[in-house]
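J.: Contents of data_3.tsv (TSV, C-alpha atoms) are below:
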```
chain	number	residue	atom	x	y	z
A	1	MET	CA	47.93	-84.78	90.99
A	2	ALA	CA	45.65	-85.03	94.02
A	3	GLU	CA	48.39	-84.16	96.53
A	4	PRO	CA	49.05	-80.57	95.30
A	5	LYS	CA	45.30	-79.85	95.27
A	6	LEU	CA	45.00	-81.24	98.80
A	7	LEU	CA	47.91	-79.08	99.91
A	8	ILE	CA	46.33	-75.96	98.36
A	9	ASN	CA	43.00	-76.65	100.06
A	10	SER	CA	44.73	-77.16	103.41
A	11	VAL	CA	46.65	-73.91	103.10
A	12	SER	CA	43.46	-72.07	102.13
A	13	LEU	CA	41.64	-73.54	105.14
A	14	ILE	CA	44.42	-72.46	107.50
A	15	ARG	CA	44.47	-68.95	106.02
A	16	LEU	CA	40.69	-68.74	106.31
A	17	ARG	CA	40.81	-69.61	110.00
A	18	ILE	CA	43.52	-67.02	110.61
A	19	ILE	CA	41.61	-64.36	108.67
A	20	ASN	CA	38.29	-65.03	110.37
A	21	GLY	CA	39.98	-65.01	113.75
A	22	LEU	CA	42.10	-61.89	113.41
A	23	SER	CA	42.01	-59.76	110.28
A	24	THR	CA	38.28	-59.16	110.00
A	25	SER	CA	38.03	-57.96	113.60
A	26	TYR	CA	38.64	-54.27	114.19
A	27	GLN	CA	37.72	-52.19	117.20
A	28	ILE	CA	37.85	-48.42	117.51
A	29	PRO	CA	39.75	-47.39	120.66
A	30	ASP	CA	37.27	-46.49	123.37
A	31	PRO	CA	38.04	-44.03	124.75
A	32	LEU	CA	40.37	-42.47	122.21
A	33	PRO	CA	43.87	-41.75	123.56
A	34	TRP	CA	43.53	-37.99	123.26
A	35	ARG	CA	46.66	-37.26	125.26
A	36	ARG	CA	48.80	-38.93	122.62
A	37	ILE	CA	46.97	-37.88	119.46
A	38	VAL	CA	46.03	-34.27	120.23
A	39	SER	CA	49.46	-32.86	119.27
A	40	PRO	CA	49.82	-34.66	115.89
A	41	LEU	CA	46.14	-33.94	115.23
A	42	ALA	CA	46.65	-30.21	115.70
A	43	ALA	CA	49.75	-30.25	113.48
A	44	ALA	CA	47.93	-32.14	110.72
A	45	GLU	CA	44.89	-29.86	110.96
A	46	ASP	CA	47.06	-26.76	110.62
A	47	ALA	CA	49.19	-28.07	107.73
A	48	LEU	CA	46.22	-29.38	105.76
A	49	ALA	CA	44.29	-26.14	106.22
A	50	ARG	CA	47.27	-24.12	104.97
A	51	LEU	CA	47.62	-26.28	101.88
A	52	ASP	CA	43.92	-26.18	101.06
A	53	GLU	CA	43.80	-22.41	101.47
A	54	ARG	CA	46.89	-21.98	99.29
A	55	LEU	CA	45.36	-24.10	96.53
A	56	ALA	CA	41.96	-22.40	96.73
A	57	LYS	CA	43.31	-19.24	95.08
A	58	SER	CA	46.28	-20.68	93.23
A	59	GLN	CA	46.91	-20.12	89.52
A	60	ILE	CA	48.20	-23.69	89.19
A	61	ARG	CA	45.43	-25.41	91.15
A	62	ASP	CA	44.45	-27.80	88.35
A	63	GLY	CA	48.04	-28.46	87.34
A	64	PHE	CA	48.97	-29.18	90.95
A	65	ALA	CA	46.16	-31.74	91.24
A	66	ALA	CA	47.17	-33.41	87.97
A	67	ARG	CA	50.79	-33.74	89.11
A	68	VAL	CA	49.79	-35.06	92.52
A	69	HIS	CA	47.83	-37.89	90.89
A	70	PHE	CA	51.02	-39.20	89.29
A	71	ASN	CA	53.11	-38.81	92.45
A	72	ASP	CA	50.54	-40.55	94.64
A	73	ALA	CA	50.20	-43.49	92.24
A	74	CYS	CA	53.97	-44.08	92.28
A	75	ALA	CA	54.07	-43.68	96.08
A	76	ALA	CA	51.30	-46.28	96.47
A	77	LEU	CA	53.45	-48.88	94.71
A	78	TRP	CA	56.52	-47.81	96.67
A	79	LEU	CA	54.68	-48.57	99.91
A	80	GLU	CA	54.08	-52.10	98.60
A	81	GLY	CA	57.78	-52.58	97.83
A	82	GLU	CA	57.56	-51.98	94.08
A	83	LEU	CA	59.61	-49.28	92.34
A	84	LEU	CA	58.22	-47.41	89.35
A	85	HIS	CA	59.74	-44.42	87.59
A	86	LEU	CA	57.46	-41.41	87.31
A	87	GLU	CA	58.62	-40.94	83.74
A	88	ASP	CA	57.29	-44.35	82.66
A	89	LEU	CA	53.86	-43.68	84.16
A	90	VAL	CA	53.51	-40.27	82.49
A	91	LEU	CA	54.53	-41.62	79.08
A	92	HIS	CA	52.22	-44.63	79.45
A	93	ASP	CA	49.32	-42.34	80.34
A	94	ALA	CA	50.01	-40.33	77.18
A	95	GLY	CA	50.31	-43.47	75.05
A	96	ARG	CA	54.00	-42.79	74.36
A	97	ASP	CA	55.62	-45.83	75.95
A	98	ILE	CA	59.25	-46.46	75.05
A	99	ARG	CA	59.14	-50.07	76.26
A	100	ALA	CA	56.59	-52.80	76.91
A	101	PRO	CA	54.42	-52.01	79.98
A	102	THR	CA	55.37	-53.96	83.10
A	103	HIS	CA	53.06	-55.35	85.76
A	104	GLU	CA	54.02	-52.51	88.11
A	105	LEU	CA	53.27	-49.93	85.43
A	106	THR	CA	49.86	-51.46	84.75
A	107	ARG	CA	48.96	-51.38	88.45
A	108	ALA	CA	50.15	-47.78	88.83
A	109	PHE	CA	48.08	-46.75	85.82
A	110	ARG	CA	45.03	-48.34	87.43
A	111	ILE	CA	45.67	-46.36	90.61
A	112	LEU	CA	46.03	-43.21	88.52
A	113	GLN	CA	42.71	-43.84	86.79
A	114	ALA	CA	40.99	-44.53	90.12
A	115	ARG	CA	42.32	-41.26	91.59
A	116	ARG	CA	41.10	-39.28	88.60
A	117	ARG	CA	37.71	-40.94	88.75
A	118	ILE	CA	37.32	-40.16	92.45
A	119	ALA	CA	38.59	-36.60	92.06
A	120	THR	CA	36.11	-35.79	89.28
A	121	SER	CA	33.11	-37.44	90.95
A	122	LYS	CA	30.75	-36.00	93.52
A	123	PRO	CA	32.16	-36.13	97.09
A	124	ASP	CA	29.54	-38.65	98.27
A	125	TRP	CA	29.91	-41.14	95.41
A	126	PRO	CA	33.24	-42.90	96.20
A	127	LEU	CA	32.11	-44.03	99.66
A	128	SER	CA	28.63	-45.07	98.57
A	129	PRO	CA	27.94	-48.80	98.03
A	130	GLU	CA	27.74	-48.24	94.29
A	131	GLY	CA	30.98	-46.24	94.24
A	132	VAL	CA	33.00	-48.72	96.27
A	133	ALA	CA	31.67	-51.64	94.21
A	134	SER	CA	32.59	-49.86	90.99
A	135	LEU	CA	36.08	-48.98	92.21
A	136	LEU	CA	36.59	-52.61	93.23
A	137	GLY	CA	35.56	-53.71	89.75
A	138	ARG	CA	32.36	-55.31	90.99
A	139	PRO	CA	29.48	-53.41	89.30
A	140	ASN	CA	26.35	-53.30	91.44
A	141	HIS	CA	23.69	-53.77	88.75
A	142	THR	CA	20.15	-54.95	89.43
A	143	ASN	CA	17.49	-56.40	87.14
A	144	ASP	CA	15.70	-53.05	87.15
A	145	ASP	CA	18.67	-51.13	85.77
A	146	PRO	CA	17.94	-49.43	82.44
A	147	PRO	CA	20.22	-50.14	79.49
A	148	ALA	CA	23.28	-47.91	79.45
A	149	ASP	CA	22.84	-46.60	75.91
A	150	GLY	CA	19.32	-47.76	75.09
A	151	PHE	CA	17.10	-45.99	72.59
A	152	ASP	CA	14.46	-43.80	74.24
A	153	ILE	CA	11.28	-45.28	72.87
A	154	ASP	CA	9.00	-43.01	74.93
A	155	ARG	CA	10.37	-39.83	73.36
A	156	ALA	CA	10.53	-41.22	69.80
A	157	ALA	CA	7.36	-43.33	69.79
A	158	ASP	CA	5.35	-40.61	68.06
A	159	HIS	CA	7.81	-40.50	65.15
A	160	LEU	CA	8.33	-44.24	64.64
A	161	ASP	CA	6.35	-46.97	63.03
A	162	PRO	CA	4.85	-49.23	65.75
A	163	LEU	CA	6.67	-52.26	64.38
A	164	LEU	CA	9.97	-50.41	64.33
A	165	ALA	CA	9.42	-49.16	67.89
A	166	GLU	CA	8.72	-52.71	68.99
A	167	ALA	CA	11.92	-53.90	67.32
A	168	PHE	CA	13.98	-51.23	69.09
A	169	SER	CA	12.37	-52.19	72.40
A	170	ALA	CA	13.28	-55.84	71.85
A	171	ILE	CA	16.89	-54.87	71.03
A	172	ASP	CA	17.14	-52.81	74.21
A	173	ALA	CA	15.76	-55.65	76.31
A	174	ALA	CA	18.19	-58.13	74.77
A	175	THR	CA	21.10	-55.76	75.37
A	176	ALA	CA	20.10	-55.32	79.02
A	177	ARG	CA	19.87	-59.10	79.51
A	178	ALA	CA	23.29	-59.57	77.92
A	179	ASP	CA	24.82	-56.93	80.19
A	180	ARG	CA	23.37	-58.57	83.29
A	181	ALA	CA	24.52	-62.01	82.18
A	182	LEU	CA	28.04	-60.75	81.50
A	183	THR	CA	28.22	-58.98	84.87
A	184	HIS	CA	27.02	-62.11	86.66
A	185	ALA	CA	29.56	-64.25	84.80
A	186	LEU	CA	32.40	-61.91	85.70
A	187	ASN	CA	31.42	-61.77	89.37
A	188	HIS	CA	30.89	-65.54	89.71
A	189	ARG	CA	33.61	-66.93	87.47
A	190	PRO	CA	35.77	-69.69	89.02
A	191	ARG	CA	38.99	-68.37	90.52
A	192	ASP	CA	42.40	-69.93	90.67
A	193	PRO	CA	43.25	-70.82	94.33
A	194	LEU	CA	46.89	-69.93	93.64
A	195	VAL	CA	45.85	-66.34	92.83
A	196	TYR	CA	42.73	-65.83	94.96
A	197	ASP	CA	41.94	-66.95	98.47
A	198	LEU	CA	38.71	-68.87	97.96
A	199	GLY	CA	37.62	-68.21	101.54
A	200	TRP	CA	38.02	-64.45	101.24
A	201	ASP	CA	34.60	-62.94	101.94
A	202	THR	CA	34.92	-59.54	100.32
A	203	ASP	CA	31.31	-58.54	100.99
A	204	ALA	CA	31.53	-59.26	104.74
A	205	ARG	CA	34.86	-57.48	105.09
A	206	LEU	CA	33.62	-54.48	103.14
A	207	GLN	CA	30.47	-54.30	105.24
A	208	HIS	CA	32.53	-54.39	108.42
A	209	TRP	CA	34.72	-51.55	107.11
A	210	ARG	CA	31.63	-49.48	106.26
A	211	GLU	CA	30.34	-49.99	109.79
A	212	ILE	CA	33.63	-48.70	111.18
A	213	VAL	CA	33.45	-45.62	108.93
A	214	THR	CA	29.85	-45.00	109.99
A	215	GLU	CA	30.81	-45.11	113.67
A	216	THR	CA	33.34	-42.29	113.10
A	217	HIS	CA	30.81	-39.78	111.72
A	218	THR	CA	30.89	-37.83	114.99
A	219	TYR	CA	34.69	-37.76	115.18
A	220	PRO	CA	36.86	-34.96	113.76
A	221	PRO	CA	37.53	-35.54	110.04
A	222	LEU	CA	41.23	-36.34	110.44
A	223	ILE	CA	40.60	-38.80	113.28
A	224	ALA	CA	37.88	-40.46	111.20
A	225	ALA	CA	40.27	-40.67	108.24
A	226	ALA	CA	43.05	-42.20	110.34
A	227	ILE	CA	40.67	-44.83	111.74
A	228	ALA	CA	39.24	-45.58	108.27
A	229	LEU	CA	42.70	-46.16	106.79
A	230	ASP	CA	43.88	-48.29	109.72
A	231	ALA	CA	40.67	-50.34	109.53
A	232	TRP	CA	41.11	-50.90	105.79
A	233	ILE	CA	44.68	-52.14	106.27
A	234	THR	CA	43.59	-54.43	109.11
A	235	ILE	CA	40.40	-55.81	107.57
A	236	GLU	CA	41.74	-56.02	103.98
A	237	PRO	CA	38.44	-55.92	102.08
A	238	SER	CA	40.19	-56.38	98.73
A	239	GLN	CA	42.79	-59.06	98.00
A	240	HIS	CA	44.50	-57.27	95.13
A	241	GLN	CA	43.70	-53.59	95.69
A	242	PRO	CA	45.20	-52.59	99.05
A	243	TRP	CA	45.93	-49.14	97.62
A	244	LEU	CA	42.21	-48.34	97.39
A	245	GLY	CA	42.06	-47.72	101.15
A	246	SER	CA	44.18	-44.57	100.96
A	247	LEU	CA	42.08	-43.21	98.08
A	248	LEU	CA	38.83	-43.79	99.96
A	249	THR	CA	40.38	-42.19	103.04
A	250	ALA	CA	41.28	-39.10	101.01
A	251	SER	CA	37.74	-39.14	99.63
A	252	LEU	CA	36.41	-39.23	103.19
A	253	LEU	CA	38.24	-35.99	103.95
A	254	ARG	CA	36.73	-34.41	100.86
A	255	GLN	CA	33.28	-35.70	101.78
A	256	ARG	CA	33.62	-34.22	105.28
A	257	ARG	CA	34.57	-30.87	103.65
A	258	LYS	CA	37.99	-30.90	105.23
A	259	THR	CA	39.69	-30.55	101.84
A	260	SER	CA	38.52	-29.44	98.43
A	261	GLN	CA	40.93	-31.71	96.56
A	262	LEU	CA	41.92	-35.35	96.82
A	263	CYS	CA	44.86	-35.63	99.23
A	264	ALA	CA	47.95	-37.65	98.34
A	265	ILE	CA	48.05	-39.74	101.50
A	266	ASN	CA	50.47	-42.25	99.97
A	267	VAL	CA	53.00	-39.46	99.43
A	268	GLY	CA	52.82	-38.65	103.14
A	269	LEU	CA	53.05	-42.30	104.23
A	270	ARG	CA	56.19	-42.64	102.14
A	271	LEU	CA	57.82	-39.93	104.27
A	272	VAL	CA	57.12	-41.83	107.51
A	273	PRO	CA	59.54	-44.56	108.73
A	274	ARG	CA	58.41	-48.06	107.83
A	275	GLU	CA	58.71	-49.42	111.39
A	276	HIS	CA	56.22	-46.81	112.56
A	277	ARG	CA	53.72	-47.59	109.79
A	278	ASN	CA	53.80	-51.29	110.67
A	279	SER	CA	53.62	-50.88	114.42
A	280	SER	CA	51.54	-53.40	116.37
A	281	ASP	CA	50.17	-50.60	118.57
A	282	GLN	CA	46.91	-49.21	117.22
A	283	THR	CA	47.39	-45.74	118.68
A	284	THR	CA	50.85	-45.50	117.13
A	285	ARG	CA	49.40	-46.34	113.71
A	286	LEU	CA	46.75	-43.64	114.08
A	287	ILE	CA	49.42	-41.12	115.04
A	288	VAL	CA	51.52	-42.18	112.04
A	289	THR	CA	48.60	-41.49	109.70
A	290	LEU	CA	48.17	-38.01	111.18
A	291	GLU	CA	51.91	-37.38	110.84
A	292	ALA	CA	51.78	-38.61	107.25
A	293	ILE	CA	48.97	-36.17	106.43
A	294	ALA	CA	50.97	-33.33	107.97
A	295	ALA	CA	54.12	-34.38	106.07
A	296	MET	CA	52.12	-34.57	102.83
A	297	ALA	CA	50.72	-31.08	103.38
A	298	HIS	CA	54.15	-29.59	104.11
A	299	ALA	CA	55.61	-31.27	101.03
A	300	GLY	CA	52.65	-30.05	98.98
A	301	LEU	CA	53.24	-26.45	100.08
A	302	LYS	CA	56.89	-26.66	99.05
A	303	ASP	CA	56.04	-28.24	95.70
A	304	HIS	CA	53.33	-25.67	95.04
A	305	ASP	CA	55.64	-22.73	95.71
A	306	ARG	CA	58.40	-24.24	93.56
A	307	TRP	CA	56.04	-24.96	90.65
A	308	LEU	CA	54.42	-21.54	90.91
A	309	THR	CA	57.84	-19.88	90.81
A	310	ALA	CA	58.78	-21.94	87.75
A	311	ARG	CA	55.55	-20.87	86.01
A	312	THR	CA	56.24	-17.22	86.81
A	313	MET	CA	59.74	-17.46	85.35
A	314	MET	CA	58.43	-19.10	82.18
A	315	THR	CA	55.64	-16.54	81.83
A	316	ARG	CA	58.22	-13.73	81.70
A	317	LYS	CA	59.48	-15.19	78.42
A	318	LEU	CA	56.15	-14.41	76.78
A	319	ALA	CA	56.97	-10.70	76.56
A	320	SER	CA	56.88	-9.34	72.97
A	321	ARG	CA	55.50	-12.65	71.69
A	322	ARG	CA	52.86	-12.57	68.98
A	323	SER	CA	49.27	-13.40	69.92
A	324	THR	CA	49.36	-16.67	67.93
A	325	SER	CA	52.37	-18.01	69.81
A	326	ARG	CA	52.09	-21.57	71.17
A	327	LEU	CA	54.26	-20.86	74.21
A	328	PRO	CA	51.37	-19.94	76.57
A	329	ALA	CA	49.64	-23.23	75.80
A	330	LEU	CA	52.92	-25.10	76.28
A	331	ILE	CA	53.42	-23.49	79.69
A	332	GLU	CA	49.99	-24.64	80.87
A	333	TYR	CA	50.62	-28.13	79.50
A	334	VAL	CA	53.98	-28.35	81.24
A	335	MET	CA	52.41	-27.26	84.53
A	336	SER	CA	49.82	-30.05	84.31
A	337	ASN	CA	52.36	-32.85	83.70
A	338	PRO	CA	55.52	-33.77	85.61
A	339	LEU	CA	57.29	-34.18	82.27
A	340	VAL	CA	56.52	-33.94	78.56
A	341	SER	CA	58.03	-35.39	75.42
A	342	ALA	CA	58.15	-34.01	71.89
A	343	GLY	CA	55.41	-36.41	70.85
A	344	MET	CA	53.18	-35.39	73.75
A	345	ILE	CA	53.65	-31.69	72.96
A	346	ALA	CA	53.01	-32.24	69.26
A	347	ALA	CA	49.77	-34.12	69.97
A	348	GLU	CA	48.56	-31.57	72.52
A	349	LEU	CA	49.39	-28.37	70.60
A	350	GLY	CA	48.83	-29.68	67.08
A	351	VAL	CA	52.37	-29.01	65.84
A	352	THR	CA	55.15	-31.14	64.44
A	353	GLN	CA	57.72	-32.77	66.72
A	354	ARG	CA	60.43	-30.53	65.27
A	355	ALA	CA	58.35	-27.46	66.17
A	356	ALA	CA	57.72	-28.94	69.62
A	357	GLN	CA	61.47	-29.23	70.24
A	358	SER	CA	61.92	-25.61	69.14
A	359	LEU	CA	59.24	-24.47	71.59
A	360	VAL	CA	60.97	-26.41	74.37
A	361	ALA	CA	64.26	-24.70	73.54
A	362	GLU	CA	62.60	-21.25	73.61
A	363	LEU	CA	61.03	-22.01	76.96
A	364	GLY	CA	64.30	-23.34	78.39
A	365	LEU	CA	62.87	-26.51	79.90
A	366	ARG	CA	65.24	-28.89	81.64
A	367	GLU	CA	65.86	-32.27	79.98
A	368	ILE	CA	65.23	-34.99	82.57
A	369	THR	CA	66.07	-38.37	81.08
A	370	GLY	CA	69.67	-37.72	80.03
A	371	ARG	CA	69.13	-39.69	76.82
A	372	GLY	CA	69.89	-38.73	73.25
A	373	ARG	CA	66.64	-40.28	72.03
A	374	TYR	CA	63.18	-40.53	73.61
A	375	ARG	CA	63.94	-37.44	75.63
A	376	ALA	CA	61.57	-35.70	78.03
A	377	TRP	CA	61.51	-32.28	79.64
A	378	GLY	CA	59.72	-30.98	82.67
A	379	ILE	CA	59.68	-29.39	86.11
A	380	LEU	CA	59.87	-31.87	88.98
```
Starting from the coordinates I provided, produce the structure as structure tokens.
T.:
Amino acid sequence: MAEPKLLINSVSLIRLRIINGLSTSYQIPDPLPWRRIVSPLAAAEDALARLDERLAKSQIRDGFAARVHFNDACAALWLEGELLHLEDLVLHDAGRDIRAPTHELTRAFRILQARRRIATSKPDWPLSPEGVASLLGRPNHTNDDPPADGFDIDRAADHLDPLLAEAFSAIDAATARADRALTHALNHRPRDPLVYDLGWDTDARLQHWREIVTETHTYPPLIAAAIALDAWITIEPSQHQPWLGSLLTASLLRQRRKTSQLCAINVGLRLVPREHRNSSDQTTRLIVTLEAIAAMAHAGLKDHDRWLTARTMMTRKLASRRSTSRLPALIEYVMSNPLVSAGMIAAELGVTQRAAQSLVAELGLREITGRGRYRAWGIL
């Protein structure tokens, strides 16, 4: 049994030498090749500005963002060579799975949750040390952190018996110690060398990536975003979350006030040829990222206009409806999800599944799955 372990250690040592020699080293082009990137930069700037302006006053702004979260999560897996149906992700998110969740579905759902968390947070939080650590699943707690849900003794001390207040204080202290011990155990638990590279220094790689992002603070937002994404792919701060780089890049654009919503960069990268994305030339990769952002913005404009037209057509069917009709609520629910099932509609609107199917028929939604059972309707 000693030979396999020796082989694993040797492979890990070789990988560590390769990583330390190549992957963790990233240099920003100096000077930047402006002659090559100025044209795609201008195109990306124009397309992204048009999309952001269109969404700023759109009636389906929130629904558009909710749909984009699903599309970007599926595109992130597609870029890694894994195929996932949008329908499965939507049903899993609603707790209406029709089959056992797969590994791909679980990963896509994690990406979806991360996107929602970033989109609903303050613009500065995702790129802060605490935000990145939390998104990586490595909570950055210190011994001075207060208990998450501790009882406020200071405010209630006047109304409690001193012995009872002391007991509550002891409970809070014990809870805080347990939380810190659990966090330390999770962050320092032994890892299987077949799953994790034991020589992978996540902290050093993450620090190097932050330094790269800091150096780009004087660059235009799109150039800074392209460099940040290329640096993340090159440095690889996380072993099992390569998709986080595109989300942090989109967050960088929001932090720099270039966009008001979280861009779907993975959707744009999916529209770019693979051989261009994996080019060995650094400038080519930066140009590809700019082209992907432009492609994403153009696709977003087309999707927005198509979904807005669909909403307008459905709204016309509300004429002469009574004020207690559920159709208006169904329209808004449909616009915030790529597809809906009878169970999802029933849970959202508080009606029976039979009534949900009747509402779908009145609205004239298109059935997407082609099945006789476990059907779903929507606007793609």
J.: With all atoms listed in the file as the basis for distance, which of A:Thr289, A:Thr216, A:Ser279, A:Asn337 is at the shortest distance from A:His69?
T.: A:Asn337
J.: Which distance in Å separates atom CA of A:Val90 and atom CA of A:Leu339, to one decimal?
T.: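 For atom CA of A:Val90 relative to atom CA of A:Leu339, the distance reads 7.2 Å.
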J.: Dump as a tab-separated table the rows for residues of stretch 230-343 of chain A within 9 Å of stretch 350-373 of chain A: closest atom pair and distance in Å with one decimal, all atoms listed in the file counted, ordered by chain and rising residue number.
T.:
```
residue	atom	partner	partner_atom	distance
A:Met314	CA	A:Leu363	CA	6.5
A:Lys317	CA	A:Leu363	CA	7.1
A:Arg326	CA	A:Leu359	CA	7.7
A:Leu327	CA	A:Leu359	CA	6.7
A:Leu330	CA	A:Leu359	CA	7.9
A:Ile331	CA	A:Leu363	CA	8.2
A:Leu339	CA	A:Ile368	CA	8.0
A:Ser341	CA	A:Ala356	CA	8.7
A:Ala342	CA	A:Gln353	CA	5.3
A:Gly343	CA	A:Gln353	CA	6.0
```
J.: Quick one: everything within 9 Å of stretch 282-284 of chain A, counting all atoms listed in the file, minus sequence neighbours fewer than 5 positions away in the same chain. Send it as a list in words.
T.: Pro29, Leu32, Pro33, Arg36, Ile37, Asp230, His276, Arg277 and Thr289 of chain A
J.: Got time to write the residues from that selection, C-alpha atoms, as a CSV table (one decimal), keeping the file's coordinate frame?
T.:
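Now in again_11.csv:
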```
chain,number,residue,atom,x,y,z
A,29,PRO,CA,39.8,-47.4,120.7
A,32,LEU,CA,40.4,-42.5,122.2
A,33,PRO,CA,43.9,-41.8,123.6
A,36,ARG,CA,48.8,-38.9,122.6
A,37,ILE,CA,47.0,-37.9,119.5
A,230,ASP,CA,43.9,-48.3,109.7
A,276,HIS,CA,56.2,-46.8,112.6
A,277,ARG,CA,53.7,-47.6,109.8
A,289,THR,CA,48.6,-41.5,109.7
```
J.: Provide the atom CA of A:Ala43 to atom CA of A:Glu291 distance in Å, to one decimal place.
T.: 7.9 Å
J.: Report, in Å to a single decimal, how far apart atom CA of A:Ser260 and atom CA of A:Ala114 are.
T.: 17.4 Å
J.: With all atoms listed in the file as the atoms that count, which of A:Gln207, A:Arg274, A:Ala224, A:Gly300 lies nearest to A:Leu41?
T.: A:Ala224
J.: Using only C-alpha atoms for the distances, tell me which of A:Thr315, A:Ser325, A:Leu248, A:Lys258 is nearest to A:Trp125.
T.: A:Leu248
J.: So that I can check the surroundings of A:Ser128, please list as a PyMOL selection string every protein, DNA and RNA residue that reaches within 12 Å of it, counting all atoms listed in the file and ignoring chain neighbours fewer than 4 positions away.
T.: chain A and resi 118+121-124+132-135+140+206-207+210+213-214+248+251-252+255
